[in-house]
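For reference, the structure is listed below as structure tokens.
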Amino acid sequence: MAEAALLLALGILLPMAFHGIPNAGQVFLPMHIPALIAGFMLGPLWGLFVGAMSPLLSSLLTGMPALAMMPGMVLEIGLYGFFSGVFYKVIKTKVYLLDIYLTLVLALLIGKCGKGIYDLALYTGRGDAYGFALFFTTYFVTAWPGLLIQFTVVPALLAALTETGFLRSEDRSFLPYLEGKALARREAEYFNGAALSYPEKTTAQKAEIMRLLEKCALRKEERILEVGCGDGALARILLAQGYDVHAIDVSLRMVERARAKDPTHESLYEVADFLAYEDKEPYDVIVLLDSYPHFLDTRAFRRKAKDLLRENGRLLILQDRPRKELNGILEGKDKARLSRPLKSPGREWTRLWLSFRKEKVSGEDGRGYLLSLRRR
């Protein structure tokens, strides 16, 4: 995972920046922050991995920490990463920032107690005395600058990631795959019920779709996958222009409606959950019209889109109405558990930047919405 690799690299590089300061590791604790962030962002297992591997790789690559210190640091920092991931998913008060601070306190206490037990065994084995005074001095008195940094930097960074949309405060499940399947079932049920009353695209909306497609500069030889095709409005436009399109939707009734409207290409419309979708050949383009806000787990969406695209392939996210108007619709009670408000194209890209680079954006001019990205 790219995020884990980046945080692991920071776990090695940050301590190097402090190596010139005497006793900097015990005072400023630079290796702890990436592990804590990994737990919050990626969950307990990745937090454990980043926390345990950071001192190990750092010791192998830079000689710091010394081999004698490394086992205890692997234990301590691994516990930080693991329990920050656990408590972040368990502690859910009504105040998000309070959740972060409570998680930090508990994860740090468990990690320090774990390291204290390790030190006790180590000292006892050597015949040396080890008591609470030494434990408290080492991990709280000497390390107070590092603790202050952690309690300042970690919440501020998490708040910034949440504000940009890269991290979702509500996406805190131990079983995201099962929750994703449950969401797909709810969406299928909702749109199956709404299929008969689903509104036709207006002339103005069709014109806006055409305008956005012109900006995308599609080529006839490209293999295109439309995700969340609904009643097939976009697919019919593309097929009529001679493009090679395959369209999927999680709702059987919507796919049946799309097939009824376009019987000539009925085999090109398929009932499928995008996050579980597989194909033998990669696609040149993945396009979504009106369906992207229904993907609540943007990390899973990003990974699947990248997997299905060939190298340098494009991801196109389109909305045929202004973003503010769309968000007013999405915030209705019927959609509250199926979708999220759409951010501006630039900010929405921050959810996807690890796998996609930005190509074209449009959407704050009171017209339609376009986010055109290219696979890294």
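Please note that chains go A, B, ... in the order of the structure tokens, that every chain numbers its residues from 1, and that ligands are numbered from 1 in the order shown.
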Test item, strand (DSSP E or B) assignment across range 38-274 of chain A, answer as a VMD selection string: chain A and resid 223 to 227 244 to 249 269 to 271
Interface rows for range 149-218 of chain A against range 354-375 of chain A: nearest pair, Å to one decimal, 10 Å, only C-alpha atoms, as JSON lines:
{"residue": "A:Gln205", "atom": "CA", "partner": "A:Gly368", "partner_atom": "CA", "distance": 8.7}
{"residue": "A:Glu208", "atom": "CA", "partner": "A:Gly368", "partner_atom": "CA", "distance": 6.4}
{"residue": "A:Ile209", "atom": "CA", "partner": "A:Gly368", "partner_atom": "CA", "distance": 7.9}
{"residue": "A:Arg211", "atom": "CA", "partner": "A:Gly368", "partner_atom": "CA", "distance": 8.8}
{"residue": "A:Leu212", "atom": "CA", "partner": "A:Leu370", "partner_atom": "CA", "distance": 6.8}
{"residue": "A:Leu213", "atom": "CA", "partner": "A:Leu370", "partner_atom": "CA", "distance": 9.1}
{"residue": "A:Lys215", "atom": "CA", "partner": "A:Lys360", "partner_atom": "CA", "distance": 8.3}
{"residue": "A:Cys216", "atom": "CA", "partner": "A:Ser372", "partner_atom": "CA", "distance": 7.2}
Exercise: Leu102 in chain A partners within 12 Å, only C-alpha atoms, chain neighbours under 2 positions left out, as a PyMOL selection string: chain A and resi 83-84+86-93+95-100+104-109+151+155
Close residues, Asp284 in chain A itself excluded, 9 Å, only C-alpha atoms, min 4 positions apart in chain, as a list in words: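 Listed by chain and then number, they are Glu222, Arg223, Ile224, Leu225, Leu308, Leu309, Arg310, Glu311, Asn312, Gly313, Arg314 and Leu315 of chain A.
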Nearest to Ala207 in chain A by atom-to-atom distance, counting only C-alpha atoms, from A:Val141, A:Arg321, A:Tyr130, A:Val245: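 Looking at the shortest contact to Ala207 in chain A, the residue is A:Arg321.
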Would you write out, as a tab-separated table, a table of all residues in range 130-197 of chain A that have an atom no more than 12 Å from an atom of range 26-47 of chain A, listing for each the closest atom pair and the distance in Å to one decimal, considering only C-alpha atoms and ordering rows by chain and rising residue number?
residue	atom	partner	partner_atom	distance
A:Thr137	CA	A:Gln26	CA	10.9
A:Thr138	CA	A:Gln26	CA	7.8
A:Tyr139	CA	A:Gln26	CA	8.0
A:Phe140	CA	A:Val27	CA	9.4
A:Val141	CA	A:Val27	CA	9.0
A:Thr142	CA	A:Val27	CA	5.8
A:Ala143	CA	A:Val27	CA	4.4
A:Trp144	CA	A:Val27	CA	7.0
A:Pro145	CA	A:Phe28	CA	5.7
A:Gly146	CA	A:Phe28	CA	3.8
A:Leu147	CA	A:Phe28	CA	7.6
A:Leu148	CA	A:Phe28	CA	8.9
A:Ile149	CA	A:Phe28	CA	7.6
A:Gln150	CA	A:Ile33	CA	6.5
A:Phe151	CA	A:Ile33	CA	9.8
A:Thr152	CA	A:Ile33	CA	10.7
A:Val153	CA	A:Ile33	CA	8.3
A:Val154	CA	A:Ile37	CA	6.9
A:Pro155	CA	A:Ile37	CA	9.4
A:Ala156	CA	A:Ile37	CA	11.1
A:Leu157	CA	A:Ile37	CA	8.6
A:Leu158	CA	A:Ile37	CA	7.8
A:Ala159	CA	A:Phe40	CA	11.4
A:Leu161	CA	A:Met41	CA	9.3
A:Thr162	CA	A:Met41	CA	10.1
A:Phe166	CA	A:Met41	CA	9.3
A:Leu167	CA	A:Met41	CA	6.9
A:Arg168	CA	A:Met41	CA	9.1
A:Ser169	CA	A:Met41	CA	9.9
A:Glu170	CA	A:Met41	CA	12.0
A:Asp171	CA	A:Met41	CA	9.8
A:Arg172	CA	A:Gly43	CA	8.6
A:Ser173	CA	A:Gly43	CA	8.9
A:Phe174	CA	A:Gly43	CA	7.9
A:Leu175	CA	A:Gly43	CA	10.4
A:Pro176	CA	A:Gly43	CA	10.4
Would you tabulate, counting only C-alpha atoms, all residues of range 160-265 of chain A that have an atom at most 9 Å from an atom of range 336-348 of chain A, showing the closest pair of atoms and their distance in Å to one decimal, sorted by chain then ascending number, as CSV?
residue,atom,partner,partner_atom,distance
A:Thr164,CA,A:Arg347,CA,5.9
A:Gly165,CA,A:Glu348,CA,6.8
A:Phe166,CA,A:Glu348,CA,8.2
A:Leu183,CA,A:Leu338,CA,7.0
A:Ala184,CA,A:Leu338,CA,8.9
A:Arg186,CA,A:Leu338,CA,7.5
A:Glu187,CA,A:Leu338,CA,6.5
A:Tyr190,CA,A:Leu338,CA,8.8
Store the residues of this selection in a file with all heavy atoms, as a PDB file, in the first residue's frame.
ATOM      1  N   THR A 164      -9.608  17.917   3.989  1.00  0.00           N
ATOM      2  CA  THR A 164      -9.397  17.787   2.545  1.00  0.00           C
ATOM      3  C   THR A 164     -10.168  16.617   1.952  1.00  0.00           C
ATOM      4  O   THR A 164     -10.291  16.508   0.736  1.00  0.00           O
ATOM      5  CB  THR A 164      -7.905  17.587   2.226  1.00  0.00           C
ATOM      6  OG1 THR A 164      -7.425  16.404   2.884  1.00  0.00           O
ATOM      7  CG2 THR A 164      -7.076  18.779   2.670  1.00  0.00           C
ATOM      8  N   GLY A 165     -10.659  15.714   2.815  1.00  0.00           N
ATOM      9  CA  GLY A 165     -11.402  14.563   2.320  1.00  0.00           C
ATOM     10  C   GLY A 165     -10.556  13.328   2.160  1.00  0.00           C
ATOM     11  O   GLY A 165     -11.056  12.253   1.830  1.00  0.00           O
ATOM     12  N   PHE A 166      -9.235  13.427   2.395  1.00  0.00           N
ATOM     13  CA  PHE A 166      -8.374  12.254   2.255  1.00  0.00           C
ATOM     14  C   PHE A 166      -8.699  11.212   3.323  1.00  0.00           C
ATOM     15  O   PHE A 166      -8.620  10.015   3.092  1.00  0.00           O
ATOM     16  CB  PHE A 166      -6.905  12.673   2.357  1.00  0.00           C
ATOM     17  CG  PHE A 166      -5.940  11.579   2.042  1.00  0.00           C
ATOM     18  CD1 PHE A 166      -5.635  11.269   0.726  1.00  0.00           C
ATOM     19  CD2 PHE A 166      -5.341  10.835   3.045  1.00  0.00           C
ATOM     20  CE1 PHE A 166      -4.754  10.245   0.430  1.00  0.00           C
ATOM     21  CE2 PHE A 166      -4.463   9.814   2.766  1.00  0.00           C
ATOM     22  CZ  PHE A 166      -4.164   9.519   1.446  1.00  0.00           C
ATOM     23  N   LEU A 183     -23.261  -1.827   1.879  1.00  0.00           N
ATOM     24  CA  LEU A 183     -23.625  -0.585   1.197  1.00  0.00           C
ATOM     25  C   LEU A 183     -24.098  -0.880  -0.219  1.00  0.00           C
ATOM     26  O   LEU A 183     -25.089  -0.295  -0.685  1.00  0.00           O
ATOM     27  CB  LEU A 183     -22.430   0.368   1.170  1.00  0.00           C
ATOM     28  CG  LEU A 183     -22.633   1.669   0.388  1.00  0.00           C
ATOM     29  CD1 LEU A 183     -23.735   2.511   1.013  1.00  0.00           C
ATOM     30  CD2 LEU A 183     -21.333   2.461   0.324  1.00  0.00           C
ATOM     31  N   ALA A 184     -23.407  -1.779  -0.916  1.00  0.00           N
ATOM     32  CA  ALA A 184     -23.817  -2.139  -2.279  1.00  0.00           C
ATOM     33  C   ALA A 184     -25.225  -2.719  -2.288  1.00  0.00           C
ATOM     34  O   ALA A 184     -26.028  -2.430  -3.190  1.00  0.00           O
ATOM     35  CB  ALA A 184     -22.822  -3.130  -2.882  1.00  0.00           C
ATOM     36  N   ARG A 186     -27.599  -2.058  -0.077  1.00  0.00           N
ATOM     37  CA  ARG A 186     -28.544  -0.967   0.194  1.00  0.00           C
ATOM     38  C   ARG A 186     -28.759  -0.121  -1.054  1.00  0.00           C
ATOM     39  O   ARG A 186     -29.874   0.303  -1.355  1.00  0.00           O
ATOM     40  CB  ARG A 186     -28.030  -0.090   1.342  1.00  0.00           C
ATOM     41  CG  ARG A 186     -27.994  -0.784   2.685  1.00  0.00           C
ATOM     42  CD  ARG A 186     -27.987   0.219   3.836  1.00  0.00           C
ATOM     43  NE  ARG A 186     -26.934   1.210   3.713  1.00  0.00           N
ATOM     44  CZ  ARG A 186     -25.712   1.072   4.209  1.00  0.00           C
ATOM     45  NH1 ARG A 186     -25.379  -0.049   4.837  1.00  0.00           N
ATOM     46  NH2 ARG A 186     -24.823   2.036   4.094  1.00  0.00           N
ATOM     47  N   GLU A 187     -27.673   0.143  -1.773  1.00  0.00           N
ATOM     48  CA  GLU A 187     -27.801   0.923  -3.004  1.00  0.00           C
ATOM     49  C   GLU A 187     -28.656   0.188  -4.023  1.00  0.00           C
ATOM     50  O   GLU A 187     -29.499   0.792  -4.697  1.00  0.00           O
ATOM     51  CB  GLU A 187     -26.413   1.212  -3.588  1.00  0.00           C
ATOM     52  CG  GLU A 187     -25.624   2.267  -2.819  1.00  0.00           C
ATOM     53  CD  GLU A 187     -24.304   2.569  -3.476  1.00  0.00           C
ATOM     54  OE1 GLU A 187     -23.821   1.721  -4.258  1.00  0.00           O
ATOM     55  OE2 GLU A 187     -23.746   3.643  -3.221  1.00  0.00           O
ATOM     56  N   TYR A 190     -32.221   0.451  -2.988  1.00  0.00           N
ATOM     57  CA  TYR A 190     -32.744   1.812  -3.164  1.00  0.00           C
ATOM     58  C   TYR A 190     -33.033   2.101  -4.638  1.00  0.00           C
ATOM     59  O   TYR A 190     -34.117   2.568  -4.996  1.00  0.00           O
ATOM     60  CB  TYR A 190     -31.748   2.830  -2.616  1.00  0.00           C
ATOM     61  CG  TYR A 190     -32.194   4.265  -2.820  1.00  0.00           C
ATOM     62  CD1 TYR A 190     -33.015   4.893  -1.890  1.00  0.00           C
ATOM     63  CD2 TYR A 190     -31.813   4.979  -3.953  1.00  0.00           C
ATOM     64  CE1 TYR A 190     -33.441   6.196  -2.071  1.00  0.00           C
ATOM     65  CE2 TYR A 190     -32.237   6.287  -4.152  1.00  0.00           C
ATOM     66  CZ  TYR A 190     -33.044   6.882  -3.212  1.00  0.00           C
ATOM     67  OH  TYR A 190     -33.472   8.166  -3.407  1.00  0.00           O
TER      68      TYR A 190
END
Residue nearest Ala204 in chain A - candidates A:Asn327, A:Phe132, A:Gly11, A:Asp320, atoms counted: only C-alpha atoms: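 Closest to Ala204 in chain A of all the choices is A:Asp320.
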All helix (DSSP H, G or I) residues (DSSP, backbone) inside range 176-246 of chain A, as an MDAnalysis selection string: chainID A and resid 176:194 203:216 233:240
Same residues, C-alpha atoms, saved as an mmCIF file, in the first residue's frame:
data_model
loop_
_atom_site.group_PDB
_atom_site.id
_atom_site.type_symbol
_atom_site.label_atom_id
_atom_site.label_comp_id
_atom_site.auth_asym_id
_atom_site.auth_seq_id
_atom_site.Cartn_x
_atom_site.Cartn_y
_atom_site.Cartn_z
ATOM 1 C CA PRO A 176 -14.660 -2.265 5.556
ATOM 2 C CA TYR A 177 -15.095 -5.033 2.955
ATOM 3 C CA LEU A 178 -18.253 -6.339 4.631
ATOM 4 C CA GLU A 179 -19.544 -2.807 5.115
ATOM 5 C CA GLY A 180 -18.857 -2.142 1.431
ATOM 6 C CA LYS A 181 -20.895 -5.190 0.479
ATOM 7 C CA ALA A 182 -23.698 -4.051 2.780
ATOM 8 C CA LEU A 183 -23.625 -0.585 1.197
ATOM 9 C CA ALA A 184 -23.817 -2.139 -2.279
ATOM 10 C CA ARG A 185 -26.897 -4.106 -1.201
ATOM 11 C CA ARG A 186 -28.544 -0.967 0.194
ATOM 12 C CA GLU A 187 -27.801 0.923 -3.004
ATOM 13 C CA ALA A 188 -29.205 -1.901 -5.118
ATOM 14 C CA GLU A 189 -32.367 -1.954 -3.036
ATOM 15 C CA TYR A 190 -32.744 1.812 -3.164
ATOM 16 C CA PHE A 191 -32.234 2.155 -6.912
ATOM 17 C CA ASN A 192 -34.271 -0.945 -7.686
ATOM 18 C CA GLY A 193 -37.153 0.820 -5.961
ATOM 19 C CA ALA A 194 -36.415 4.131 -7.661
ATOM 20 C CA THR A 203 -32.266 18.503 -22.827
ATOM 21 C CA ALA A 204 -30.072 20.881 -20.808
ATOM 22 C CA GLN A 205 -28.460 17.995 -18.925
ATOM 23 C CA LYS A 206 -27.748 16.114 -22.152
ATOM 24 C CA ALA A 207 -26.167 19.247 -23.603
ATOM 25 C CA GLU A 208 -24.011 19.583 -20.482
ATOM 26 C CA ILE A 209 -22.920 15.950 -20.778
ATOM 27 C CA MET A 210 -21.871 16.590 -24.380
ATOM 28 C CA ARG A 211 -19.940 19.711 -23.339
ATOM 29 C CA LEU A 212 -18.070 17.800 -20.630
ATOM 30 C CA LEU A 213 -17.307 14.888 -22.962
ATOM 31 C CA GLU A 214 -15.759 17.292 -25.485
ATOM 32 C CA LYS A 215 -13.350 18.413 -22.755
ATOM 33 C CA CYS A 216 -12.412 14.785 -22.110
ATOM 34 C CA ALA A 233 -28.018 7.903 -20.539
ATOM 35 C CA LEU A 234 -24.246 8.377 -20.862
ATOM 36 C CA ALA A 235 -23.602 4.945 -22.372
ATOM 37 C CA ARG A 236 -26.172 5.590 -25.115
ATOM 38 C CA ILE A 237 -24.487 8.885 -26.022
ATOM 39 C CA LEU A 238 -21.071 7.215 -26.210
ATOM 40 C CA LEU A 239 -22.318 4.171 -28.126
ATOM 41 C CA ALA A 240 -24.133 6.387 -30.613
#
Coordinates-based distance that separates CA of Leu134 in chain A from CA of Leu120 in chain A (Å, one decimal):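 If I compute the distance from CA of Leu120 in chain A to CA of Leu134 in chain A, I get 10.2 Å.
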Atom pair CA of Phe135 in chain A / CA of Leu57 in chain A: separation (Å):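 Taking CA of Phe135 in chain A as the start and CA of Leu57 in chain A as the end point, the length is 26.2 Å.
Of the residues listed (A:Leu67, A:Ile329, A:Ala300, A:Ala305), A:Ala305 shows the shortest atom-to-atom separation from Asp279 in chain A; distances use only C-alpha atoms.
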Distance of CA of Pro55 in chain A from CA of Ile21 in chain A, expressed in Å to one decimal place: 18.1 Å
Selected residue of minimal separation from Leu275 in chain A among A:Val250, A:Glu256, A:Leu316, A:Phe301, counting only C-alpha atoms: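 Once distances to Leu275 in chain A are computed over only C-alpha atoms, the minimum belongs to A:Phe301.
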